Each structure stands twice: as C-alpha cells, then as structure tokens.
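**Student:** Sharing final.cif (mmCIF, C-alpha atoms, pLDDT in the B column; chains and numbers go by the auth columns) below.
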data_data
#
loop_
_atom_site.group_PDB
_atom_site.id
_atom_site.type_symbol
_atom_site.label_atom_id
_atom_site.label_comp_id
_atom_site.label_asym_id
_atom_site.label_seq_id
_atom_site.Cartn_x
_atom_site.Cartn_y
_atom_site.Cartn_z
_atom_site.B_iso_or_equiv
_atom_site.auth_seq_id
_atom_site.auth_asym_id
ATOM 1 C CA MET A 1 8.388 110.587 -144.707 55.00 1 A
ATOM 2 C CA LYS A 2 4.798 109.649 -145.502 79.00 2 A
ATOM 3 C CA ASP A 3 1.964 111.221 -143.514 93.00 3 A
ATOM 4 C CA TRP A 4 0.175 108.031 -142.513 94.00 4 A
ATOM 5 C CA ILE A 5 -2.711 109.757 -140.797 96.00 5 A
ATOM 6 C CA GLU A 6 -3.433 111.699 -143.992 97.00 6 A
ATOM 7 C CA HIS A 7 -3.293 108.368 -145.872 95.00 7 A
ATOM 8 C CA PHE A 8 -5.933 106.881 -143.556 97.00 8 A
ATOM 9 C CA ARG A 9 -8.026 110.063 -143.545 97.00 9 A
ATOM 10 C CA ALA A 10 -8.253 109.930 -147.330 97.00 10 A
ATOM 11 C CA ALA A 11 -8.759 106.149 -147.430 97.00 11 A
ATOM 12 C CA ALA A 12 -11.484 106.029 -144.775 98.00 12 A
ATOM 13 C CA LYS A 13 -13.397 109.240 -145.451 98.00 13 A
ATOM 14 C CA GLY A 14 -16.945 108.388 -146.476 98.00 14 A
ATOM 15 C CA LEU A 15 -16.647 104.671 -145.705 98.00 15 A
ATOM 16 C CA VAL A 16 -19.445 103.159 -143.669 98.00 16 A
ATOM 17 C CA VAL A 17 -18.995 101.459 -140.307 98.00 17 A
ATOM 18 C CA ALA A 18 -19.739 97.884 -141.369 98.00 18 A
ATOM 19 C CA HIS A 19 -18.871 95.871 -138.267 97.00 19 A
ATOM 20 C CA VAL A 20 -17.959 96.610 -134.645 97.00 20 A
ATOM 21 C CA TRP A 21 -16.730 93.910 -132.336 92.00 21 A
ATOM 22 C CA ARG A 22 -14.987 93.258 -129.091 89.00 22 A
ATOM 23 C CA GLY A 23 -11.677 91.435 -128.933 87.00 23 A
ATOM 24 C CA TYR A 24 -9.964 90.074 -125.858 86.00 24 A
ATOM 25 C CA GLY A 25 -10.699 92.077 -122.697 87.00 25 A
ATOM 26 C CA SER A 26 -11.895 95.520 -123.685 90.00 26 A
ATOM 27 C CA ALA A 27 -10.215 95.599 -127.112 94.00 27 A
ATOM 28 C CA LEU A 28 -12.426 97.410 -129.631 97.00 28 A
ATOM 29 C CA PHE A 29 -12.398 96.669 -133.359 97.00 29 A
ATOM 30 C CA ILE A 30 -14.217 98.740 -135.966 98.00 30 A
ATOM 31 C CA GLU A 31 -14.336 97.640 -139.613 98.00 31 A
ATOM 32 C CA PHE A 32 -15.037 100.213 -142.332 98.00 32 A
ATOM 33 C CA GLY A 33 -16.166 99.661 -145.917 98.00 33 A
ATOM 34 C CA VAL A 34 -16.772 96.374 -147.687 97.00 34 A
ATOM 35 C CA LEU A 35 -16.372 93.352 -145.415 95.00 35 A
ATOM 36 C CA THR A 36 -14.337 90.290 -146.328 90.00 36 A
ATOM 37 C CA PRO A 37 -15.293 87.087 -144.512 85.00 37 A
ATOM 38 C CA THR A 38 -12.453 85.202 -142.897 81.00 38 A
ATOM 39 C CA THR A 39 -11.570 81.543 -143.053 77.00 39 A
ATOM 40 C CA ARG A 40 -9.921 81.719 -139.627 80.00 40 A
ATOM 41 C CA MET A 41 -11.649 80.059 -136.709 77.00 41 A
ATOM 42 C CA ARG A 42 -11.728 81.121 -133.078 75.00 42 A
ATOM 43 C CA LYS A 43 -10.699 78.725 -130.322 77.00 43 A
ATOM 44 C CA ASN A 44 -14.395 78.103 -129.617 77.00 44 A
ATOM 45 C CA GLY A 45 -14.903 76.854 -133.192 73.00 45 A
ATOM 46 C CA ARG A 46 -16.817 79.899 -134.419 76.00 46 A
ATOM 47 C CA PRO A 47 -15.546 81.928 -137.395 74.00 47 A
ATOM 48 C CA ALA A 48 -13.468 85.006 -136.642 78.00 48 A
ATOM 49 C CA ALA A 49 -14.877 88.458 -137.392 87.00 49 A
ATOM 50 C CA PRO A 50 -14.839 89.710 -140.995 89.00 50 A
ATOM 51 C CA SER A 51 -12.338 92.384 -142.010 93.00 51 A
ATOM 52 C CA GLY A 52 -13.163 95.741 -143.554 96.00 52 A
ATOM 53 C CA GLU A 53 -11.216 97.626 -146.179 97.00 53 A
ATOM 54 C CA ILE A 54 -9.982 99.857 -143.344 98.00 54 A
ATOM 55 C CA GLY A 55 -9.892 98.721 -139.734 97.00 55 A
ATOM 56 C CA LEU A 56 -9.281 100.278 -136.331 98.00 56 A
ATOM 57 C CA MET A 57 -8.165 98.399 -133.237 97.00 57 A
ATOM 58 C CA ILE A 58 -7.927 100.030 -129.817 97.00 58 A
ATOM 59 C CA GLU A 59 -6.450 97.560 -127.370 93.00 59 A
ATOM 60 C CA ALA A 60 -7.048 99.191 -124.042 83.00 60 A
ATOM 61 C CA ASP A 61 -8.750 102.443 -123.151 94.00 61 A
ATOM 62 C CA TRP A 62 -11.305 103.966 -125.504 97.00 62 A
ATOM 63 C CA ARG A 63 -14.551 105.844 -125.477 97.00 63 A
ATOM 64 C CA ILE A 64 -17.423 106.531 -127.842 98.00 64 A
ATOM 65 C CA GLU A 65 -18.864 110.041 -127.760 98.00 65 A
ATOM 66 C CA ASP A 66 -21.915 111.617 -129.295 96.00 66 A
ATOM 67 C CA ALA A 67 -22.170 115.356 -129.910 93.00 67 A
ATOM 68 C CA CYS A 68 -22.368 116.261 -126.219 96.00 68 A
ATOM 69 C CA THR A 69 -21.487 113.318 -123.946 97.00 69 A
ATOM 70 C CA ILE A 70 -19.535 110.096 -123.504 97.00 70 A
ATOM 71 C CA VAL A 71 -21.937 107.344 -124.591 97.00 71 A
ATOM 72 C CA CYS A 72 -19.756 104.528 -123.271 96.00 72 A
ATOM 73 C CA GLY A 73 -16.172 103.536 -122.784 95.00 73 A
ATOM 74 C CA SER A 74 -13.865 100.642 -122.066 95.00 74 A
ATOM 75 C CA GLY A 75 -14.486 101.133 -118.330 92.00 75 A
ATOM 76 C CA ASN A 76 -18.259 100.691 -118.601 93.00 76 A
ATOM 77 C CA ASP A 77 -20.154 97.461 -118.072 89.00 77 A
ATOM 78 C CA GLU A 78 -20.227 95.337 -121.200 88.00 78 A
ATOM 79 C CA GLU A 79 -24.035 95.471 -121.350 91.00 79 A
ATOM 80 C CA ILE A 80 -23.708 99.099 -122.512 93.00 80 A
ATOM 81 C CA TRP A 81 -21.215 98.211 -125.245 94.00 81 A
ATOM 82 C CA VAL A 82 -23.500 96.025 -127.370 93.00 82 A
ATOM 83 C CA PRO A 83 -26.212 98.608 -128.107 96.00 83 A
ATOM 84 C CA THR A 84 -23.600 101.342 -128.527 96.00 84 A
ATOM 85 C CA PHE A 85 -21.610 99.237 -131.009 97.00 85 A
ATOM 86 C CA ALA A 86 -24.840 98.526 -132.913 97.00 86 A
ATOM 87 C CA SER A 87 -25.627 102.259 -133.062 97.00 87 A
ATOM 88 C CA LEU A 88 -22.385 102.885 -134.957 98.00 88 A
ATOM 89 C CA ILE A 89 -23.257 100.524 -137.829 98.00 89 A
ATOM 90 C CA GLY A 90 -24.100 102.535 -140.950 98.00 90 A
ATOM 91 C CA LYS A 91 -22.416 105.744 -139.791 98.00 91 A
ATOM 92 C CA HIS A 92 -19.874 107.225 -142.208 98.00 92 A
ATOM 93 C CA VAL A 93 -16.300 108.288 -141.513 98.00 93 A
ATOM 94 C CA VAL A 94 -16.009 112.072 -141.501 98.00 94 A
ATOM 95 C CA ASN A 95 -12.390 112.393 -140.325 98.00 95 A
ATOM 96 C CA VAL A 96 -9.415 110.482 -138.952 98.00 96 A
ATOM 97 C CA THR A 97 -6.886 112.403 -136.902 97.00 97 A
ATOM 98 C CA THR A 98 -4.555 112.174 -133.940 97.00 98 A
ATOM 99 C CA PHE A 99 -4.177 114.407 -130.897 96.00 99 A
ATOM 100 C CA GLY A 100 -1.794 114.747 -127.984 95.00 100 A
ATOM 101 C CA ARG A 101 1.955 114.693 -127.536 93.00 101 A
ATOM 102 C CA LEU A 102 1.856 110.886 -127.672 95.00 102 A
ATOM 103 C CA PRO A 103 -0.594 110.467 -130.556 96.00 103 A
ATOM 104 C CA GLU A 104 -4.004 109.094 -129.671 97.00 104 A
ATOM 105 C CA ILE A 105 -6.489 108.312 -132.442 98.00 105 A
ATOM 106 C CA LEU A 106 -9.780 110.120 -133.056 98.00 106 A
ATOM 107 C CA VAL A 107 -12.233 108.862 -135.674 98.00 107 A
ATOM 108 C CA SER A 108 -15.145 111.221 -136.288 98.00 108 A
ATOM 109 C CA LEU A 109 -18.320 109.692 -137.685 98.00 109 A
ATOM 110 C CA SER A 110 -21.563 111.045 -139.097 98.00 110 A
ATOM 111 C CA ASP A 111 -24.312 112.161 -136.711 97.00 111 A
ATOM 112 C CA GLY A 112 -21.740 113.660 -134.323 98.00 112 A
ATOM 113 C CA PHE A 113 -20.238 110.368 -133.104 98.00 113 A
ATOM 114 C CA HIS A 114 -16.540 109.998 -132.266 98.00 114 A
ATOM 115 C CA VAL A 115 -14.367 107.022 -131.345 98.00 115 A
ATOM 116 C CA VAL A 116 -11.367 108.028 -129.250 98.00 116 A
ATOM 117 C CA SER A 117 -8.380 106.209 -127.763 97.00 117 A
ATOM 118 C CA PHE A 118 -6.765 107.459 -124.555 91.00 118 A
ATOM 119 C CA SER A 119 -4.312 105.006 -123.111 91.00 119 A
ATOM 120 C CA THR A 120 -3.702 105.108 -119.374 90.00 120 A
ATOM 121 C CA LEU A 121 -1.189 102.258 -119.331 89.00 121 A
ATOM 122 C CA LYS A 122 2.603 102.498 -119.296 92.00 122 A
ATOM 123 C CA GLY A 123 4.094 102.461 -122.789 93.00 123 A
ATOM 124 C CA ASP A 124 2.678 103.626 -126.093 94.00 124 A
ATOM 125 C CA PRO A 125 -0.921 104.481 -126.980 95.00 125 A
ATOM 126 C CA GLU A 126 -2.498 101.170 -127.951 95.00 126 A
ATOM 127 C CA TRP A 127 -4.255 101.694 -131.276 97.00 127 A
ATOM 128 C CA THR A 128 -3.647 100.425 -134.790 97.00 128 A
ATOM 129 C CA LEU A 129 -5.142 101.390 -138.156 98.00 129 A
ATOM 130 C CA PHE A 130 -5.207 98.762 -140.927 97.00 130 A
ATOM 131 C CA ASP A 131 -5.435 99.355 -144.679 97.00 131 A
ATOM 132 C CA ARG A 132 -6.356 96.046 -146.296 95.00 132 A
ATOM 133 C CA ARG A 133 -7.252 97.359 -149.754 94.00 133 A
ATOM 134 C CA SER A 134 -4.190 95.936 -151.498 88.00 134 A
ATOM 135 C CA THR A 135 -2.366 92.617 -151.638 87.00 135 A
ATOM 136 C CA ALA A 136 0.243 94.151 -149.299 88.00 136 A
ATOM 137 C CA PRO A 137 -1.871 95.407 -146.367 92.00 137 A
ATOM 138 C CA ILE A 138 -0.334 97.952 -144.012 93.00 138 A
ATOM 139 C CA ALA A 139 -0.828 98.851 -140.379 96.00 139 A
ATOM 140 C CA VAL A 140 0.152 102.025 -138.546 96.00 140 A
ATOM 141 C CA HIS A 141 0.415 102.674 -134.830 96.00 141 A
ATOM 142 C CA CYS A 142 2.248 104.836 -132.330 95.00 142 A
ATOM 143 C CA ARG A 143 5.680 103.811 -131.063 94.00 143 A
ATOM 144 C CA SER A 144 7.831 106.095 -128.907 94.00 144 A
ATOM 145 C CA GLY A 145 5.746 109.130 -129.861 92.00 145 A
ATOM 146 C CA ALA A 146 5.945 108.550 -133.628 94.00 146 A
ATOM 147 C CA ILE A 147 3.444 107.029 -136.034 95.00 147 A
ATOM 148 C CA ILE A 148 5.069 104.114 -137.807 94.00 148 A
ATOM 149 C CA GLU A 149 4.011 101.729 -140.566 94.00 149 A
ATOM 150 C CA GLU A 150 4.405 97.957 -140.674 85.00 150 A
ATOM 151 C CA GLN A 151 3.263 95.222 -143.005 72.00 151 A
ATOM 152 C CA ALA A 152 -0.032 93.792 -141.802 71.00 152 A
ATOM 153 C CA SER A 153 -1.117 90.222 -142.169 65.00 153 A
ATOM 154 C CA PRO A 154 -3.784 89.754 -144.861 56.00 154 A
ATOM 155 C CA ALA A 155 -7.454 89.512 -143.860 53.00 155 A
#
Take the structure from the file and write it as structure tokens.

**Tutor:**
Amino acid sequence: MKDWIEHFRAAAKGLVVAHVWRGYGSALFIEFGVLTPTTRMRKNGRPAAPSGEIGLMIEADWRIEDACTIVCGSGNDEEIWVPTFASLIGKHVVNVTTFGRLPEILVSLSDGFHVVSFSTLKGDPEWTLFDRRSTAPIAVHCRSGAIIEEQASPA
C-alpha cells in the first residue's frame, strides 16, 4: 500500500505558495508551485481560480498558525482571512504530515507558518490533497480513518 502522505511530502517540499483562495462557505484552497490558468468560468462569469502543481482543499474547519499563535481560522470574520491569505504567498512548503486518530492534515511552511485542518463535523476530516503534475492527476483524502487515493479531475 502506497504511503500517500509521503508522496505529497516529497512532491510539495520546497514548492512556493502561489495562490490562496476561498471556496464556498469557509472552504480554503491553497495552490503550490507553478500555476495553470483555468478555462472554467464561475457562475458570476468570472474565471475560476488557477490550479497549482499541488493543491490543498480544506472544506470546513481550518486554522493558520504562526510560530506562537493562531493567526486566523475558519471561525474568524472574513476580513481577517484576506490579509492572512496574502501573507502566505511566497512561503515554501517545509513539510506535509497528518496527525490524530482520524487523520487531519498539517502543512508546515517557511517562516514558522502552519495550515491545519481540524474537522468538528460528523463524518470524516474534510481535506483533500491534489497532485496535478501528470496527465492522470490524483487526489487523496481521509475516509473512515484511512487515507485513500482517487483519480482527480484535470485542472
């Protein structure tokens, strides 16, 4: 059985945070590495966000930490999110790991920053990692306490 977290640790290590954006509700998306523009359009007619070589989506509860405090989280007012997201641009991936009995994701960045999931909703932790570097992109997430891989749709 492949160690998918090790795969993403190796793939993402050293990549730069190239784009951070908010999805529906409090969903957080972080794109790492070279960005690929999309041809998809949002319902409002604007282009969808570009995709990185590696991507992280946290659907529900998340927080961004610096070396000694929580800078902001999914429960904060959105006005705090924008400058915090901007502060992550240009940081490099130091590590990708999971923690907890039901695996939550932890992405450590340069300058002591960390992006952490911690679901408080019934079901599985709600994060997904995407590897879009090949013509057959993959996605991994937690289901029933295990990290599983699925084919991802291309960028």

**Student:** Hey, which of A:Phe85, A:Phe99, A:Phe29, A:Phe113 ends up closest to Ile147 of chain A? Count only C-alpha atoms.

**Tutor:**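 Answer, going by the shortest atom-to-atom distance: A:Phe99.
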
**Student:** Work out where the centre of an axis-aligned box around every listed atom of segment 70-73 of chain A lies and how long its edges are once 5 Å is added on each side; give both in Å to one decimal as JSON.

**Tutor:**
{"center_x": -19.1, "center_y": 106.8, "center_z": -123.7, "size_x": 15.8, "size_y": 16.6, "size_z": 11.8}

**Student:** Determine the nearest neighbour of Ser87 of chain A from the options A:Ile148, A:Ala18, A:Leu102, A:Val34, counting only C-alpha atoms.

**Tutor:**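 Answer, going by the shortest atom-to-atom distance: A:Ala18.
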
**Student:** Could you give me, as a Markdown table, every segment 18-89 of chain A residue with an atom at most 12 Å from segment 124-130 of chain A, plus its closest atom pair and distance in Å to one decimal, counting only C-alpha atoms, rows ordered by chain then number?

**Tutor:**
| residue | atom | partner | partner_atom | distance |
| --- | --- | --- | --- | --- |
| A:Ser26 | CA | A:Glu126 | CA | 11.8 |
| A:Ala27 | CA | A:Trp127 | CA | 9.5 |
| A:Leu28 | CA | A:Trp127 | CA | 9.4 |
| A:Phe29 | CA | A:Thr128 | CA | 9.6 |
| A:Ile30 | CA | A:Leu129 | CA | 9.7 |
| A:Glu31 | CA | A:Phe130 | CA | 9.3 |
| A:Phe32 | CA | A:Phe130 | CA | 10.0 |
| A:Ser51 | CA | A:Phe130 | CA | 9.6 |
| A:Gly52 | CA | A:Phe130 | CA | 8.9 |
| A:Glu53 | CA | A:Phe130 | CA | 8.1 |
| A:Ile54 | CA | A:Phe130 | CA | 5.5 |
| A:Gly55 | CA | A:Phe130 | CA | 4.8 |
| A:Leu56 | CA | A:Leu129 | CA | 4.7 |
| A:Met57 | CA | A:Thr128 | CA | 5.2 |
| A:Ile58 | CA | A:Trp127 | CA | 4.3 |
| A:Glu59 | CA | A:Glu126 | CA | 5.4 |
| A:Ala60 | CA | A:Glu126 | CA | 6.3 |
| A:Asp61 | CA | A:Glu126 | CA | 8.0 |
| A:Trp62 | CA | A:Trp127 | CA | 9.4 |

**Student:** Write a file of the selected residues as a PDB file, keeping the file's coordinate frame, keeping C-alpha atoms.

**Tutor:**
ATOM      1  CA  SER A  26     -11.895  95.520-123.685  1.00 90.00           C
ATOM      2  CA  ALA A  27     -10.215  95.599-127.112  1.00 94.00           C
ATOM      3  CA  LEU A  28     -12.426  97.410-129.631  1.00 97.00           C
ATOM      4  CA  PHE A  29     -12.398  96.669-133.359  1.00 97.00           C
ATOM      5  CA  ILE A  30     -14.217  98.740-135.966  1.00 98.00           C
ATOM      6  CA  GLU A  31     -14.336  97.640-139.613  1.00 98.00           C
ATOM      7  CA  PHE A  32     -15.037 100.213-142.332  1.00 98.00           C
ATOM      8  CA  SER A  51     -12.338  92.384-142.010  1.00 93.00           C
ATOM      9  CA  GLY A  52     -13.163  95.741-143.554  1.00 96.00           C
ATOM     10  CA  GLU A  53     -11.216  97.626-146.179  1.00 97.00           C
ATOM     11  CA  ILE A  54      -9.982  99.857-143.344  1.00 98.00           C
ATOM     12  CA  GLY A  55      -9.892  98.721-139.734  1.00 97.00           C
ATOM     13  CA  LEU A  56      -9.281 100.278-136.331  1.00 98.00           C
ATOM     14  CA  MET A  57      -8.165  98.399-133.237  1.00 97.00           C
ATOM     15  CA  ILE A  58      -7.927 100.030-129.817  1.00 97.00           C
ATOM     16  CA  GLU A  59      -6.450  97.560-127.370  1.00 93.00           C
ATOM     17  CA  ALA A  60      -7.048  99.191-124.042  1.00 83.00           C
ATOM     18  CA  ASP A  61      -8.750 102.443-123.151  1.00 94.00           C
ATOM     19  CA  TRP A  62     -11.305 103.966-125.504  1.00 97.00           C
TER      20      TRP A  62
END

**Student:** Skipping near chain neighbours, those fewer than 4 positions away, what residues fall within 9 Å of Thr98 of chain A using only C-alpha atoms, listed as a list of chain:residue names?

**Tutor:**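 So, after excluding close chain neighbours, the residues are A:Ile5, A:Pro103, A:Glu104, A:Ile105, A:Leu106, A:Val107.
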
**Student:** Please list as a list in words every residue within 6 Å of segment 136-139 of chain A, counting only C-alpha atoms and excluding residues in the same chain fewer than 2 positions away.

**Tutor:**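 So, after excluding close chain neighbours, the residues are Leu129, Phe130, Asp131, Arg132, Ser134, Glu149, Glu150, Gln151 and Ala152 of chain A.
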
**Student:** What residues come out when you apply the PyMOL selection byres ((chain A and resi 36) around 6) to this file, written as a ChimeraX atom specification?

**Tutor:** /A:35,37,50-51

**Student:** Between A:Val20, A:Ala12, A:Ile64, A:Ala146, which is the closest to Gly90 of chain A once you count only C-alpha atoms?

**Tutor:**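 Nearest candidate to Gly90 of chain A out of A:Val20, A:Ala12, A:Ile64, A:Ala146: A:Val20.
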
**Student:** May I ask for the distance between atom CA of Glu65 of chain A and atom CA of Ser119 of chain A, given in Å to one decimal place?

**Tutor:**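 Pair atom CA of Glu65 of chain A / atom CA of Ser119 of chain A returns 16.1 Å.
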
**Student:** What does the structure give for the distance between atom CA of Lys13 of chain A and atom CA of Asn95 of chain A, in Å to one decimal?

**Tutor:** 6.1 Å

**Student:** Do you have the atom CA of Arg22 of chain A-atom CA of Val115 of chain A distance handy?

**Tutor:** 14.0 Å

**Student:** I need the residue nearest Ala67 of chain A from this list: A:Val82, A:Val16, A:Ala11, A:Leu109. Use only C-alpha atoms for the distance.

**Tutor:**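 The closest residue to Ala67 of chain A is A:Leu109.
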
**Student:** Please write C-alpha atoms of segment 13-122 of chain A, from the structure given just now, as a tab-separated table (two decimals), in the first residue's frame.

**Tutor:**
chain	number	residue	atom	x	y	z
A	13	LYS	CA	8.53	20.10	-0.25
A	14	GLY	CA	10.14	23.34	-1.37
A	15	LEU	CA	7.23	24.45	-3.56
A	16	VAL	CA	6.06	28.01	-3.10
A	17	VAL	CA	2.55	29.01	-2.05
A	18	ALA	CA	1.39	30.55	-5.33
A	19	HIS	CA	-2.30	31.20	-4.71
A	20	VAL	CA	-4.68	31.08	-1.74
A	21	TRP	CA	-8.40	31.41	-2.19
A	22	ARG	CA	-11.71	30.87	-0.53
A	23	GLY	CA	-14.28	28.47	-1.94
A	24	TYR	CA	-17.89	28.14	-0.91
A	25	GLY	CA	-18.52	29.00	2.75
A	26	SER	CA	-15.26	28.74	4.64
A	27	ALA	CA	-13.56	26.29	2.25
A	28	LEU	CA	-9.85	27.08	1.96
A	29	PHE	CA	-7.78	26.32	-1.13
A	30	ILE	CA	-4.00	26.65	-1.32
A	31	GLU	CA	-2.15	26.16	-4.61
A	32	PHE	CA	1.56	25.27	-4.57
A	33	GLY	CA	4.12	25.55	-7.36
A	34	VAL	CA	3.56	26.68	-10.93
A	35	LEU	CA	0.00	27.86	-11.59
A	36	THR	CA	-2.07	26.74	-14.55
A	37	PRO	CA	-4.88	29.10	-15.57
A	38	THR	CA	-8.28	27.53	-15.99
A	39	THR	CA	-10.77	27.84	-18.80
A	40	ARG	CA	-13.66	27.17	-16.42
A	41	MET	CA	-15.95	30.03	-15.52
A	42	ARG	CA	-17.74	30.71	-12.26
A	43	LYS	CA	-21.49	31.25	-12.16
A	44	ASN	CA	-20.85	35.00	-11.92
A	45	GLY	CA	-18.98	34.93	-15.25
A	46	ARG	CA	-15.51	35.39	-13.78
A	47	PRO	CA	-12.76	32.82	-14.42
A	48	ALA	CA	-12.24	30.14	-11.79
A	49	ALA	CA	-9.05	30.14	-9.72
A	50	PRO	CA	-5.85	28.77	-11.28
A	51	SER	CA	-4.54	25.38	-10.18
A	52	GLY	CA	-1.10	24.66	-8.76
A	53	GLU	CA	1.04	21.61	-9.30
A	54	ILE	CA	-0.02	20.51	-5.81
A	55	GLY	CA	-3.21	21.73	-4.16
A	56	LEU	CA	-4.82	21.56	-0.73
A	57	MET	CA	-8.52	21.94	-0.04
A	58	ILE	CA	-9.95	22.10	3.48
A	59	GLU	CA	-13.72	22.17	3.28
A	60	ALA	CA	-14.74	23.06	6.78
A	61	ASP	CA	-12.67	23.82	9.85
A	62	TRP	CA	-9.10	25.05	9.49
A	63	ARG	CA	-6.65	27.43	11.05
A	64	ILE	CA	-3.46	29.21	10.09
A	65	GLU	CA	-0.79	29.43	12.77
A	66	ASP	CA	2.46	31.32	13.04
A	67	ALA	CA	5.26	30.21	15.34
A	68	CYS	CA	3.39	31.06	18.54
A	69	THR	CA	-0.31	31.78	17.92
A	70	ILE	CA	-3.37	31.14	15.77
A	71	VAL	CA	-3.34	33.92	13.16
A	72	CYS	CA	-6.84	33.16	11.90
A	73	GLY	CA	-9.24	30.33	11.32
A	74	SER	CA	-12.43	29.33	9.58
A	75	GLY	CA	-14.42	30.72	12.53
A	76	ASN	CA	-12.97	34.23	12.24
A	77	ASP	CA	-14.53	37.12	10.37
A	78	GLU	CA	-13.68	37.04	6.68
A	79	GLU	CA	-11.95	40.44	6.89
A	80	ILE	CA	-9.07	38.69	8.71
A	81	TRP	CA	-8.77	35.98	6.05
A	82	VAL	CA	-7.73	38.21	3.14
A	83	PRO	CA	-4.55	39.67	4.66
A	84	THR	CA	-3.66	36.31	6.20
A	85	PHE	CA	-4.07	34.52	2.86
A	86	ALA	CA	-1.89	37.20	1.22
A	87	SER	CA	0.81	36.69	3.87
A	88	LEU	CA	1.16	33.04	2.84
A	89	ILE	CA	2.02	33.84	-0.79
A	90	GLY	CA	5.72	33.16	-1.42
A	91	LYS	CA	6.21	30.91	1.60
A	92	HIS	CA	7.72	27.49	0.88
A	93	VAL	CA	6.45	24.08	1.92
A	94	VAL	CA	8.63	22.62	4.66
A	95	ASN	CA	6.56	19.52	5.49
A	96	VAL	CA	3.25	17.77	4.88
A	97	THR	CA	2.01	15.38	7.54
A	98	THR	CA	-1.09	14.10	9.27
A	99	PHE	CA	-1.95	13.84	12.96
A	100	GLY	CA	-4.69	12.31	15.07
A	101	ARG	CA	-6.55	9.03	15.12
A	102	LEU	CA	-8.74	10.29	12.27
A	103	PRO	CA	-6.04	11.91	10.13
A	104	GLU	CA	-6.10	15.68	9.93
A	105	ILE	CA	-3.69	17.48	7.61
A	106	LEU	CA	-0.83	19.75	8.68
A	107	VAL	CA	1.18	21.70	6.11
A	108	SER	CA	4.22	23.45	7.57
A	109	LEU	CA	5.52	26.47	5.68
A	110	SER	CA	8.63	28.63	5.88
A	111	ASP	CA	8.80	31.41	8.48
A	112	GLY	CA	7.05	29.21	11.06
A	113	PHE	CA	3.60	29.20	9.42
A	114	HIS	CA	1.31	26.16	9.52
A	115	VAL	CA	-2.02	25.36	7.87
A	116	VAL	CA	-4.05	22.85	9.87
A	117	SER	CA	-7.38	21.09	9.40
A	118	PHE	CA	-9.46	20.05	12.41
A	119	SER	CA	-12.93	18.97	11.49
A	120	THR	CA	-15.66	19.35	14.09
A	121	LEU	CA	-18.45	17.97	11.91
A	122	LYS	CA	-19.86	14.45	11.89
